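Chemist: Mind looking over this structure? Questions follow.
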Amino acid sequence: MDKRIDYAKIEKSANAKETTRKAVIYVMLTVWAVMVLFPFYWMLLTSVKSYSAYNSEYIPQFFTLSPTIQNYIDVFTSVPLADYLFNTLVFTVATTAIMLVVTVLAAFAFARLDFRGKNIVFTIFLSLMMIPSELVVITNFVTITNLDLRNTFMGLILPSVTSVFYIYLLRENFAQIPDELYYAAKVDGTSDLKYLLKVLIPICKPTIITITILKVIECWNSYVWPRLITDDAAYFLVSNGIQEIRENGLGRENIPAMMAAVVVISVPLIVLFLIFHKKIMAGVSRGGTKG
């Protein structure tokens with residue numbers, strides 16, 4: 001009887017510790033979630049406040065009883081934000097599509113094809129990751145200017161159609177596919193291109209989707225290069241549109257309108273991430289797993 005009581009106490013104590021551990025974890029996760037999501041809440045809240053109501057708040061209010069959509073109307077009428085969104089969509093889709101072709105073919109060459117100096121070339125290629133992107137901005141600017149591609153979509157797109165990191169990530173995925181599968185396909189008379197399209201790409205689909213989404217986010221948020229290479233409003237992206245609203249549209253002091261513009265620009269990326277977040281996690285975890 002005593003032994004049963006001791007076991008019951010031990011089990012009860014273990015359950016209590018486990019409950020406490022879970023409670024602490026959930027509290028920490030809740031605090032972290034609030035810290036991460038609060039800026040988004042504040043952005044959305046500010047965007048539905050009127051300019052006068054926002055300026056009359058000596059103490060910031062965490063809610064509003066009189067929301068308005070006038071700020072969203074103003075950001076579309078003060079500057080051609082719809083045109084900037086269309087330009088950004090064209091730039092994002094074209095850049096991502098070209099980048100996928102370049103990345104997939106380069107990753108396949110480094111993973112499956114045998115050619116002299118492959119390892120040396122790949123090592124040199126990886127060393128480019130050590131060079132900060134800011135250092136090549138001037139070189140890219142001079143090149144694009146000499147090619148007379150300023151204020152063109154081609155000038156916007158060309159410097160962004162390759163990524164050493166994405167090639168490395170996809171190459172590691174391709175290298176995980178057993179060699180026997182490749183040799184069996186070659187015995188059956190399958191060409192390298194057909195093997196890539198019919199075997200490797202379907203198997204590595206999560207990683208390719210991840211690369212696609214990350215590139216879309218990168219293009220959508222691009223600021224430095226579009227700001228540098230375009231001074232014609234016909235080729236402005238949404239990142240330039242924010243600056244245009246701030247400088248020549250509604251003024252720097254109109255914070256609610258600025259927040260409304262940021263919400264409009266951010267919503268597509270948030271929706272995209274919410275739809276494909278499982279694919280992103282699966283692709284990243286697969287890329288970091290060897291064997």
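For the structure tokens, the naming scheme is as follows: chains receive sequential letters (A, B, ...) according to their order of presentation, residues are indexed from 1 within each chain, and ligands are indexed from 1 in presentation order.
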Identify, with DSSP run on backbone atoms, the residues in segment 17-262 of chain A assigned to helix (DSSP H, G or I), and express the list as a PyMOL selection string.
Modeler: chain A and resi 17-47+51-55+70-78+81-112+118-130+133-146+153-160+164-176+179-187+192-203+205-220+224-229+233-235+238-249+255-262
Chemist: Write out as JSON, numbers by chain which residues come within 12 Å of segment 233-245 of chain A when counting only C-alpha atoms, dropping same-chain ones fewer than 5 positions away.
Modeler: {"A": [71, 74, 75, 76, 77, 78, 79, 80, 81, 82, 83, 84, 85, 86, 87, 88, 89, 90, 91, 92, 149, 150, 151, 152, 153, 154, 155, 156, 157, 218, 219, 220, 221, 222, 223, 224, 225, 226, 227, 228, 250, 251, 252, 253, 254, 255, 256, 257, 258, 259, 260, 261, 262, 263, 264, 265, 266]}
Chemist: Have a look at A:Thr96, A:Ile69, A:Ala185, A:Ile211 and name the one nearest to Val199 of chain A; count only C-alpha atoms.
Modeler: A:Ala185
